[in-house]
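Below: the structure, in structure tokens.
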Amino acid sequence: MASTIPDETPTLAFTLHKYGDHDLQRFGVWQRVSQVEALSNSYWIVFLHGGAWYDPRNTFKDVLPCVEYMNSSSSPTLSSVLGFVSIDHRLSPHADHPQDPKSTKSCELRVAKHPDHLNDVHLALSLAQELYGIGKNYIFIGHCAGATMGCQLMMGRGAVPGYQPDRDIHLPSAIIGLYGIYDLVGLNTRYKGEYTTFLETAFGKDREVWQQLSPACFHGVIGAAHGRHVYYVLTDSPDDKLIDRAEAETMREKLVHDGVDVRVVGDLTGDHDHICRGASQLAQLAFDCLEVVKSRKI
């Protein structure tokens, strides 16, 4: 079930794992071979890419620039990093990347509907934790839709329509949301319906379901179903034209209301995808977050 891809990152041991029959049911693991701190004070970085639940151009490799940047860093915090996990999941159809269902293998078809995406992420996390002994000592970093799903995991079983996984997972010590989507209806309204297509493709037409899926609109307390809170970092960039500041602010207000410790980093630079391509800002966010969770023993 695992295959090694040599030489992709020479300073790391890379393994690609499958967790299902579909080609996109996979996750990559970059395990650091250098000396790290004691396991009790060390953490994994778990990344979930963006792409609005349907863009095949976004994959687990989106995090690779950050992995390479962090692994070559002189930061003393690097010694606290055990490795990196990056997850792919099945995708919904995309009109700009059509597939012929008659000639496309079932393991390649992008026809996912909620809760397929979230269930895939849960299953991948479960397997990664089983294989690598990852408990709660990890930082979950989600970009765009990946941030949405990270927050949905914290809402708990039954809170997200259709999300009823069979296997348990350890939830993270912290979540970093990179330009996340937290209020599906609100975001689409502010952008005058521009996001209707991808939201309906992933979640159907019922706006009440959209509300129920939105972490910022969750009627319960984030994290309460799991008996603990995690540390949150939300981000914004004035240069991001796809997700506005109001989205991060809406989620911040929800977390503050629920008594969750949250920090908003609003001075990032670059467009929506630069945070992953550029690597340095994301790496600094991860290092800063690691210092917080280590000092507080979260």
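Starting from 1 in every chain, residues are counted up; chains themselves are A, B, ... following the order of the structure tokens, and ligands are numbered from 1 as listed.
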- Fewer than 2 positions away in the same chain doesn't count, so skip those; otherwise give me all residues within 7 Å of region 266-270 of chain A, counting only C-alpha atoms, as a list in words. Thr235, Asp236, Ser237, Pro238, Asp239, Asp240, Val264, His272, His274 and Ile275 of chain A
Resulting file, chosen residues, N, CA, C and O atoms, as a CSV table (one decimal), in the first residue's frame:
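result_26.csv, written as the output of this step:
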chain,number,residue,atom,x,y,z
A,235,THR,N,-5.7,33.5,8.9
A,235,THR,CA,-4.8,34.4,8.1
A,235,THR,C,-5.7,35.2,7.1
A,235,THR,O,-6.8,34.8,6.7
A,236,ASP,N,-5.0,36.3,6.7
A,236,ASP,CA,-5.6,37.2,5.7
A,236,ASP,C,-4.5,37.9,5.0
A,236,ASP,O,-3.5,38.2,5.6
A,237,SER,N,-4.7,38.1,3.7
A,237,SER,CA,-3.8,38.9,2.9
A,237,SER,C,-4.6,40.0,2.1
A,237,SER,O,-5.5,39.6,1.4
A,238,PRO,N,-4.2,41.2,2.2
A,238,PRO,CA,-4.8,42.3,1.4
A,238,PRO,C,-4.7,42.0,-0.1
A,238,PRO,O,-5.5,42.5,-0.9
A,239,ASP,N,-3.8,41.1,-0.5
A,239,ASP,CA,-3.6,40.8,-1.9
A,239,ASP,C,-4.4,39.6,-2.4
A,239,ASP,O,-4.5,39.3,-3.6
A,240,ASP,N,-5.1,38.9,-1.4
A,240,ASP,CA,-5.9,37.8,-1.8
A,240,ASP,C,-7.3,38.3,-2.3
A,240,ASP,O,-8.0,38.9,-1.5
A,264,VAL,N,-5.2,36.1,14.8
A,264,VAL,CA,-5.4,36.4,13.4
A,264,VAL,C,-4.1,37.1,12.8
A,264,VAL,O,-3.7,38.1,13.4
A,272,HIS,N,-3.8,34.5,-3.4
A,272,HIS,CA,-4.4,33.3,-2.7
A,272,HIS,C,-3.5,32.1,-2.6
A,272,HIS,O,-3.4,31.5,-1.6
A,274,HIS,N,-0.1,32.2,-3.2
A,274,HIS,CA,1.3,32.5,-2.9
A,274,HIS,C,1.8,32.0,-1.6
A,274,HIS,O,2.9,31.6,-1.4
A,275,ILE,N,0.9,31.8,-0.7
A,275,ILE,CA,1.2,31.4,0.7
A,275,ILE,C,1.8,30.0,0.6
A,275,ILE,O,2.7,29.7,1.4
Within 8 Å of region 89-94 of chain A, which residues of region 19-67 of chain A come that close, and what is the closest atom pair and distance in Å for each? Count only C-alpha atoms and give it as a Markdown table.
| residue | atom | partner | partner_atom | distance |
| --- | --- | --- | --- | --- |
| A:His22 | CA | A:Arg90 | CA | 7.4 |
| A:Leu24 | CA | A:His89 | CA | 5.3 |
| A:Gln25 | CA | A:His89 | CA | 5.2 |
| A:Arg26 | CA | A:His89 | CA | 7.0 |
| A:Trp53 | CA | A:Leu91 | CA | 5.7 |
| A:Tyr54 | CA | A:Ser92 | CA | 4.5 |
| A:Asp55 | CA | A:His94 | CA | 6.5 |
| A:Pro56 | CA | A:Leu91 | CA | 7.3 |
- Item | Pick from A:Asn188, A:Gln164, A:Ser214, A:Asn41, whichever lies nearest to Leu78 (chain A) using only C-alpha atoms |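 Distance minimum relative to Leu78 (chain A) lands on A:Asn41.
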Could you give me the residues within region 207-280 of chain A that DSSP places in alpha helix (DSSP H), as a PDB file with N, CA, C and O atoms, in the first residue's frame?
ATOM      1  N   ARG A 207     -29.322  25.822   0.565  1.00  0.00           N
ATOM      2  CA  ARG A 207     -28.526  26.787   1.332  1.00  0.00           C
ATOM      3  C   ARG A 207     -28.555  26.489   2.828  1.00  0.00           C
ATOM      4  O   ARG A 207     -27.615  26.859   3.551  1.00  0.00           O
ATOM      5  N   GLU A 208     -29.597  25.838   3.304  1.00  0.00           N
ATOM      6  CA  GLU A 208     -29.628  25.464   4.719  1.00  0.00           C
ATOM      7  C   GLU A 208     -28.535  24.446   5.033  1.00  0.00           C
ATOM      8  O   GLU A 208     -27.920  24.494   6.102  1.00  0.00           O
ATOM      9  N   VAL A 209     -28.276  23.548   4.094  1.00  0.00           N
ATOM     10  CA  VAL A 209     -27.182  22.595   4.268  1.00  0.00           C
ATOM     11  C   VAL A 209     -25.850  23.345   4.276  1.00  0.00           C
ATOM     12  O   VAL A 209     -24.963  23.043   5.089  1.00  0.00           O
ATOM     13  N   TRP A 210     -25.708  24.325   3.396  1.00  0.00           N
ATOM     14  CA  TRP A 210     -24.479  25.119   3.389  1.00  0.00           C
ATOM     15  C   TRP A 210     -24.235  25.728   4.766  1.00  0.00           C
ATOM     16  O   TRP A 210     -23.099  25.718   5.266  1.00  0.00           O
ATOM     17  N   GLN A 211     -25.305  26.266   5.365  1.00  0.00           N
ATOM     18  CA  GLN A 211     -25.182  26.874   6.681  1.00  0.00           C
ATOM     19  C   GLN A 211     -24.745  25.850   7.719  1.00  0.00           C
ATOM     20  O   GLN A 211     -23.886  26.121   8.564  1.00  0.00           O
ATOM     21  N   GLN A 212     -25.333  24.673   7.654  1.00  0.00           N
ATOM     22  CA  GLN A 212     -25.002  23.629   8.621  1.00  0.00           C
ATOM     23  C   GLN A 212     -23.560  23.153   8.475  1.00  0.00           C
ATOM     24  O   GLN A 212     -22.949  22.692   9.447  1.00  0.00           O
ATOM     25  N   LEU A 213     -23.026  23.276   7.279  1.00  0.00           N
ATOM     26  CA  LEU A 213     -21.649  22.848   7.013  1.00  0.00           C
ATOM     27  C   LEU A 213     -20.619  23.907   7.372  1.00  0.00           C
ATOM     28  O   LEU A 213     -19.427  23.613   7.424  1.00  0.00           O
ATOM     29  N   ARG A 245     -11.251  39.628   3.999  1.00  0.00           N
ATOM     30  CA  ARG A 245     -10.931  39.689   5.434  1.00  0.00           C
ATOM     31  C   ARG A 245     -12.148  39.318   6.278  1.00  0.00           C
ATOM     32  O   ARG A 245     -12.013  38.759   7.378  1.00  0.00           O
ATOM     33  N   ALA A 246     -13.339  39.627   5.781  1.00  0.00           N
ATOM     34  CA  ALA A 246     -14.552  39.342   6.549  1.00  0.00           C
ATOM     35  C   ALA A 246     -14.688  37.861   6.880  1.00  0.00           C
ATOM     36  O   ALA A 246     -15.262  37.502   7.914  1.00  0.00           O
ATOM     37  N   GLU A 247     -14.144  36.998   6.023  1.00  0.00           N
ATOM     38  CA  GLU A 247     -14.265  35.559   6.263  1.00  0.00           C
ATOM     39  C   GLU A 247     -13.474  35.148   7.506  1.00  0.00           C
ATOM     40  O   GLU A 247     -13.978  34.417   8.368  1.00  0.00           O
ATOM     41  N   ALA A 248     -12.242  35.618   7.611  1.00  0.00           N
ATOM     42  CA  ALA A 248     -11.433  35.317   8.792  1.00  0.00           C
ATOM     43  C   ALA A 248     -12.035  35.969  10.034  1.00  0.00           C
ATOM     44  O   ALA A 248     -12.042  35.375  11.118  1.00  0.00           O
ATOM     45  N   GLU A 249     -12.564  37.171   9.887  1.00  0.00           N
ATOM     46  CA  GLU A 249     -13.148  37.872  11.026  1.00  0.00           C
ATOM     47  C   GLU A 249     -14.392  37.160  11.546  1.00  0.00           C
ATOM     48  O   GLU A 249     -14.604  37.055  12.758  1.00  0.00           O
ATOM     49  N   THR A 250     -15.210  36.644  10.629  1.00  0.00           N
ATOM     50  CA  THR A 250     -16.400  35.898  11.034  1.00  0.00           C
ATOM     51  C   THR A 250     -16.023  34.662  11.847  1.00  0.00           C
ATOM     52  O   THR A 250     -16.648  34.346  12.866  1.00  0.00           O
ATOM     53  N   MET A 251     -14.978  33.963  11.402  1.00  0.00           N
ATOM     54  CA  MET A 251     -14.550  32.778  12.136  1.00  0.00           C
ATOM     55  C   MET A 251     -13.897  33.158  13.452  1.00  0.00           C
ATOM     56  O   MET A 251     -14.074  32.465  14.467  1.00  0.00           O
ATOM     57  N   ARG A 252     -13.171  34.248  13.461  1.00  0.00           N
ATOM     58  CA  ARG A 252     -12.565  34.711  14.722  1.00  0.00           C
ATOM     59  C   ARG A 252     -13.641  34.987  15.760  1.00  0.00           C
ATOM     60  O   ARG A 252     -13.527  34.583  16.932  1.00  0.00           O
ATOM     61  N   GLU A 253     -14.697  35.666  15.345  1.00  0.00           N
ATOM     62  CA  GLU A 253     -15.791  35.988  16.276  1.00  0.00           C
ATOM     63  C   GLU A 253     -16.431  34.720  16.833  1.00  0.00           C
ATOM     64  O   GLU A 253     -16.763  34.655  18.027  1.00  0.00           O
ATOM     65  N   LYS A 254     -16.599  33.717  15.992  1.00  0.00           N
ATOM     66  CA  LYS A 254     -17.181  32.455  16.454  1.00  0.00           C
ATOM     67  C   LYS A 254     -16.268  31.795  17.485  1.00  0.00           C
ATOM     68  O   LYS A 254     -16.741  31.321  18.536  1.00  0.00           O
ATOM     69  N   LEU A 255     -14.979  31.747  17.210  1.00  0.00           N
ATOM     70  CA  LEU A 255     -14.043  31.097  18.123  1.00  0.00           C
ATOM     71  C   LEU A 255     -13.956  31.846  19.450  1.00  0.00           C
ATOM     72  O   LEU A 255     -13.920  31.222  20.526  1.00  0.00           O
ATOM     73  N   VAL A 256     -13.916  33.164  19.407  1.00  0.00           N
ATOM     74  CA  VAL A 256     -13.892  33.956  20.640  1.00  0.00           C
ATOM     75  C   VAL A 256     -15.157  33.698  21.457  1.00  0.00           C
ATOM     76  O   VAL A 256     -15.106  33.513  22.677  1.00  0.00           O
ATOM     77  N   HIS A 257     -16.286  33.655  20.789  1.00  0.00           N
ATOM     78  CA  HIS A 257     -17.564  33.370  21.455  1.00  0.00           C
ATOM     79  C   HIS A 257     -17.525  32.016  22.149  1.00  0.00           C
ATOM     80  O   HIS A 257     -18.103  31.837  23.237  1.00  0.00           O
ATOM     81  N   HIS A 274      -0.084  32.176  -3.223  1.00  0.00           N
ATOM     82  CA  HIS A 274       1.312  32.499  -2.943  1.00  0.00           C
ATOM     83  C   HIS A 274       1.758  31.952  -1.595  1.00  0.00           C
ATOM     84  O   HIS A 274       2.937  31.614  -1.414  1.00  0.00           O
ATOM     85  N   ILE A 275       0.857  31.844  -0.653  1.00  0.00           N
ATOM     86  CA  ILE A 275       1.200  31.353   0.674  1.00  0.00           C
ATOM     87  C   ILE A 275       1.846  29.970   0.602  1.00  0.00           C
ATOM     88  O   ILE A 275       2.734  29.651   1.383  1.00  0.00           O
ATOM     89  N   CYS A 276       1.412  29.167  -0.365  1.00  0.00           N
ATOM     90  CA  CYS A 276       2.016  27.842  -0.542  1.00  0.00           C
ATOM     91  C   CYS A 276       3.236  27.895  -1.456  1.00  0.00           C
ATOM     92  O   CYS A 276       4.265  27.290  -1.163  1.00  0.00           O
ATOM     93  N   ARG A 277       3.125  28.629  -2.554  1.00  0.00           N
ATOM     94  CA  ARG A 277       4.234  28.706  -3.503  1.00  0.00           C
ATOM     95  C   ARG A 277       5.454  29.385  -2.898  1.00  0.00           C
ATOM     96  O   ARG A 277       6.587  28.965  -3.095  1.00  0.00           O
ATOM     97  N   GLY A 278       5.213  30.465  -2.149  1.00  0.00           N
ATOM     98  CA  GLY A 278       6.309  31.256  -1.622  1.00  0.00           C
ATOM     99  C   GLY A 278       7.014  30.611  -0.446  1.00  0.00           C
ATOM    100  O   GLY A 278       8.198  30.858  -0.216  1.00  0.00           O
ATOM    101  N   SER A 280       7.971  30.844   2.527  1.00  0.00           N
ATOM    102  CA  SER A 280       8.581  31.458   3.706  1.00  0.00           C
ATOM    103  C   SER A 280       7.548  31.909   4.733  1.00  0.00           C
ATOM    104  O   SER A 280       7.738  31.715   5.949  1.00  0.00           O
TER     105      SER A 280
END
- Give the answer as one residue: which of A:Leu282, A:Cys107, A:Val230, A:Val67 has the shortest atom-to-atom distance to Pro172 (chain A), using only C-alpha atoms?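 Of A:Leu282, A:Cys107, A:Val230, A:Val67, the one nearest Pro172 (chain A), counting only C-alpha atoms, is A:Val230.
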- Query: Counting only C-alpha atoms, which of A:Lys113, A:Asp244, A:Cys151, A:Arg167 gets nearest to Thr189 (chain A)?
  - Reply: A:Asp244
- Of the listed residues A:Gly142, A:Pro76, A:Pro165, A:Gly193, that which approaches Val63 (chain A) most closely, counting only C-alpha atoms: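 Looking at the shortest contact to Val63 (chain A), the residue is A:Gly142.
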- Query: Which one of A:Gly83, A:Pro161, A:Gly146, A:Gly50 sits closest to Ala128 (chain A) if you count only C-alpha atoms?
  - Reply: A:Gly83
- Which one is closest to Arg110 (chain A): A:His97, A:Ala279, A:Phe198, A:Phe140? Count only C-alpha atoms. A:His97
- Task: Compile the contact shell of Tyr19 (chain A) as a PyMOL selection string: residues with an atom at most 12 Å away, counting only C-alpha atoms, same-chain residues fewer than 4 positions apart removed.
- Result: chain A and resi 1-2+23-28+87-90+119-128+130-131
- Note on the structure: Expressed in Å, the length from CA of Thr148 (chain A) to CA of Asp183 (chain A) is 9.0 Å
List every residue of region 8-142 of chain A that DSSP, applied to the backbone of this structure, places in strand (DSSP E), and write the result as a PDB file with N, CA, C and O atoms, in the first residue's frame.
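And here's result_33.pdb as it stands now:
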ATOM      1  N   LEU A  12      14.884  14.272   3.119  1.00  0.00           N
ATOM      2  CA  LEU A  12      13.748  13.684   3.815  1.00  0.00           C
ATOM      3  C   LEU A  12      13.443  12.305   3.246  1.00  0.00           C
ATOM      4  O   LEU A  12      13.671  12.050   2.066  1.00  0.00           O
ATOM      5  N   ALA A  13      12.913  11.431   4.073  1.00  0.00           N
ATOM      6  CA  ALA A  13      12.438  10.132   3.606  1.00  0.00           C
ATOM      7  C   ALA A  13      10.972  10.273   3.230  1.00  0.00           C
ATOM      8  O   ALA A  13      10.136  10.585   4.072  1.00  0.00           O
ATOM      9  N   PHE A  14      10.672  10.068   1.953  1.00  0.00           N
ATOM     10  CA  PHE A  14       9.312  10.267   1.455  1.00  0.00           C
ATOM     11  C   PHE A  14       8.621   8.938   1.179  1.00  0.00           C
ATOM     12  O   PHE A  14       9.219   8.028   0.591  1.00  0.00           O
ATOM     13  N   THR A  15       7.370   8.823   1.598  1.00  0.00           N
ATOM     14  CA  THR A  15       6.559   7.646   1.301  1.00  0.00           C
ATOM     15  C   THR A  15       5.158   8.092   0.901  1.00  0.00           C
ATOM     16  O   THR A  15       4.580   8.990   1.533  1.00  0.00           O
ATOM     17  N   LEU A  16       4.627   7.479  -0.136  1.00  0.00           N
ATOM     18  CA  LEU A  16       3.265   7.753  -0.577  1.00  0.00           C
ATOM     19  C   LEU A  16       2.376   6.592  -0.153  1.00  0.00           C
ATOM     20  O   LEU A  16       2.656   5.438  -0.477  1.00  0.00           O
ATOM     21  N   HIS A  17       1.314   6.911   0.575  1.00  0.00           N
ATOM     22  CA  HIS A  17       0.393   5.891   1.075  1.00  0.00           C
ATOM     23  C   HIS A  17      -0.962   6.013   0.397  1.00  0.00           C
ATOM     24  O   HIS A  17      -1.412   7.117   0.076  1.00  0.00           O
ATOM     25  N   LYS A  18      -1.618   4.881   0.205  1.00  0.00           N
ATOM     26  CA  LYS A  18      -2.995   4.843  -0.284  1.00  0.00           C
ATOM     27  C   LYS A  18      -3.919   4.474   0.868  1.00  0.00           C
ATOM     28  O   LYS A  18      -3.583   3.647   1.703  1.00  0.00           O
ATOM     29  N   ARG A  26      -4.991   9.200  -1.213  1.00  0.00           N
ATOM     30  CA  ARG A  26      -3.564   9.013  -0.962  1.00  0.00           C
ATOM     31  C   ARG A  26      -3.066  10.146  -0.071  1.00  0.00           C
ATOM     32  O   ARG A  26      -3.693  11.209   0.026  1.00  0.00           O
ATOM     33  N   PHE A  27      -1.959   9.928   0.584  1.00  0.00           N
ATOM     34  CA  PHE A  27      -1.289  11.004   1.310  1.00  0.00           C
ATOM     35  C   PHE A  27       0.211  10.767   1.289  1.00  0.00           C
ATOM     36  O   PHE A  27       0.686   9.625   1.277  1.00  0.00           O
ATOM     37  N   GLY A  28       0.945  11.860   1.238  1.00  0.00           N
ATOM     38  CA  GLY A  28       2.397  11.791   1.245  1.00  0.00           C
ATOM     39  C   GLY A  28       2.948  12.073   2.627  1.00  0.00           C
ATOM     40  O   GLY A  28       2.390  12.889   3.370  1.00  0.00           O
ATOM     41  N   VAL A  29       4.013  11.396   2.975  1.00  0.00           N
ATOM     42  CA  VAL A  29       4.682  11.597   4.260  1.00  0.00           C
ATOM     43  C   VAL A  29       6.161  11.873   4.004  1.00  0.00           C
ATOM     44  O   VAL A  29       6.846  11.079   3.348  1.00  0.00           O
ATOM     45  N   TRP A  30       6.621  13.005   4.510  1.00  0.00           N
ATOM     46  CA  TRP A  30       8.044  13.341   4.492  1.00  0.00           C
ATOM     47  C   TRP A  30       8.536  13.231   5.932  1.00  0.00           C
ATOM     48  O   TRP A  30       8.217  14.085   6.768  1.00  0.00           O
ATOM     49  N   GLN A  31       9.288  12.203   6.225  1.00  0.00           N
ATOM     50  CA  GLN A  31       9.765  11.986   7.585  1.00  0.00           C
ATOM     51  C   GLN A  31      11.189  12.497   7.714  1.00  0.00           C
ATOM     52  O   GLN A  31      12.071  12.141   6.917  1.00  0.00           O
ATOM     53  N   ARG A  32      11.421  13.341   8.701  1.00  0.00           N
ATOM     54  CA  ARG A  32      12.750  13.908   8.886  1.00  0.00           C
ATOM     55  C   ARG A  32      13.703  12.845   9.393  1.00  0.00           C
ATOM     56  O   ARG A  32      13.372  12.045  10.263  1.00  0.00           O
ATOM     57  N   TYR A  43       6.396  17.397  17.147  1.00  0.00           N
ATOM     58  CA  TYR A  43       5.117  17.508  16.466  1.00  0.00           C
ATOM     59  C   TYR A  43       5.244  17.178  14.979  1.00  0.00           C
ATOM     60  O   TYR A  43       6.305  17.346  14.381  1.00  0.00           O
ATOM     61  N   TRP A  44       4.158  16.724  14.421  1.00  0.00           N
ATOM     62  CA  TRP A  44       4.026  16.565  12.980  1.00  0.00           C
ATOM     63  C   TRP A  44       3.315  17.787  12.416  1.00  0.00           C
ATOM     64  O   TRP A  44       2.545  18.449  13.105  1.00  0.00           O
ATOM     65  N   ILE A  45       3.559  18.064  11.149  1.00  0.00           N
ATOM     66  CA  ILE A  45       2.812  19.068  10.398  1.00  0.00           C
ATOM     67  C   ILE A  45       1.922  18.307   9.411  1.00  0.00           C
ATOM     68  O   ILE A  45       2.427  17.532   8.594  1.00  0.00           O
ATOM     69  N   VAL A  46       0.623  18.517   9.496  1.00  0.00           N
ATOM     70  CA  VAL A  46      -0.330  17.867   8.596  1.00  0.00           C
ATOM     71  C   VAL A  46      -0.977  18.938   7.730  1.00  0.00           C
ATOM     72  O   VAL A  46      -1.545  19.907   8.249  1.00  0.00           O
ATOM     73  N   PHE A  47      -0.885  18.769   6.415  1.00  0.00           N
ATOM     74  CA  PHE A  47      -1.357  19.788   5.469  1.00  0.00           C
ATOM     75  C   PHE A  47      -2.502  19.237   4.617  1.00  0.00           C
ATOM     76  O   PHE A  47      -2.478  18.086   4.185  1.00  0.00           O
ATOM     77  N   LEU A  48      -3.500  20.101   4.397  1.00  0.00           N
ATOM     78  CA  LEU A  48      -4.610  19.767   3.498  1.00  0.00           C
ATOM     79  C   LEU A  48      -4.762  20.899   2.491  1.00  0.00           C
ATOM     80  O   LEU A  48      -5.022  22.050   2.858  1.00  0.00           O
ATOM     81  N   VAL A  81      10.151  19.178  14.897  1.00  0.00           N
ATOM     82  CA  VAL A  81       9.322  18.670  13.792  1.00  0.00           C
ATOM     83  C   VAL A  81       9.720  17.239  13.461  1.00  0.00           C
ATOM     84  O   VAL A  81      10.859  16.978  13.047  1.00  0.00           O
ATOM     85  N   LEU A  82       8.781  16.324  13.617  1.00  0.00           N
ATOM     86  CA  LEU A  82       9.033  14.921  13.289  1.00  0.00           C
ATOM     87  C   LEU A  82       8.920  14.655  11.793  1.00  0.00           C
ATOM     88  O   LEU A  82       9.605  13.800  11.246  1.00  0.00           O
ATOM     89  N   GLY A  83       8.017  15.385  11.147  1.00  0.00           N
ATOM     90  CA  GLY A  83       7.815  15.176   9.721  1.00  0.00           C
ATOM     91  C   GLY A  83       6.566  15.886   9.243  1.00  0.00           C
ATOM     92  O   GLY A  83       5.939  16.646   9.983  1.00  0.00           O
ATOM     93  N   PHE A  84       6.214  15.610   7.989  1.00  0.00           N
ATOM     94  CA  PHE A  84       5.117  16.304   7.326  1.00  0.00           C
ATOM     95  C   PHE A  84       4.200  15.276   6.662  1.00  0.00           C
ATOM     96  O   PHE A  84       4.675  14.322   6.036  1.00  0.00           O
ATOM     97  N   VAL A  85       2.913  15.496   6.791  1.00  0.00           N
ATOM     98  CA  VAL A  85       1.908  14.661   6.121  1.00  0.00           C
ATOM     99  C   VAL A  85       1.061  15.582   5.259  1.00  0.00           C
ATOM    100  O   VAL A  85       0.647  16.654   5.706  1.00  0.00           O
ATOM    101  N   SER A  86       0.803  15.198   4.018  1.00  0.00           N
ATOM    102  CA  SER A  86      -0.033  16.013   3.138  1.00  0.00           C
ATOM    103  C   SER A  86      -1.058  15.115   2.447  1.00  0.00           C
ATOM    104  O   SER A  86      -0.697  14.096   1.855  1.00  0.00           O
ATOM    105  N   ILE A  87      -2.315  15.507   2.541  1.00  0.00           N
ATOM    106  CA  ILE A  87      -3.436  14.637   2.182  1.00  0.00           C
ATOM    107  C   ILE A  87      -4.110  15.066   0.881  1.00  0.00           C
ATOM    108  O   ILE A  87      -4.394  16.251   0.674  1.00  0.00           O
ATOM    109  N   TYR A 138       0.198  17.298  16.648  1.00  0.00           N
ATOM    110  CA  TYR A 138       0.387  17.738  15.270  1.00  0.00           C
ATOM    111  C   TYR A 138      -0.321  19.064  15.047  1.00  0.00           C
ATOM    112  O   TYR A 138      -1.285  19.413  15.744  1.00  0.00           O
ATOM    113  N   ILE A 139       0.197  19.820  14.098  1.00  0.00           N
ATOM    114  CA  ILE A 139      -0.391  21.087  13.661  1.00  0.00           C
ATOM    115  C   ILE A 139      -1.107  20.815  12.351  1.00  0.00           C
ATOM    116  O   ILE A 139      -0.494  20.341  11.389  1.00  0.00           O
ATOM    117  N   PHE A 140      -2.394  21.083  12.302  1.00  0.00           N
ATOM    118  CA  PHE A 140      -3.165  20.901  11.072  1.00  0.00           C
ATOM    119  C   PHE A 140      -3.180  22.229  10.319  1.00  0.00           C
ATOM    120  O   PHE A 140      -3.655  23.239  10.838  1.00  0.00           O
ATOM    121  N   ILE A 141      -2.663  22.224   9.095  1.00  0.00           N
ATOM    122  CA  ILE A 141      -2.652  23.420   8.249  1.00  0.00           C
ATOM    123  C   ILE A 141      -3.560  23.171   7.055  1.00  0.00           C
ATOM    124  O   ILE A 141      -3.329  22.246   6.273  1.00  0.00           O
ATOM    125  N   GLY A 142      -4.593  23.975   6.930  1.00  0.00           N
ATOM    126  CA  GLY A 142      -5.517  23.835   5.808  1.00  0.00           C
ATOM    127  C   GLY A 142      -5.553  25.102   4.976  1.00  0.00           C
ATOM    128  O   GLY A 142      -5.627  26.211   5.514  1.00  0.00           O
TER     129      GLY A 142
END
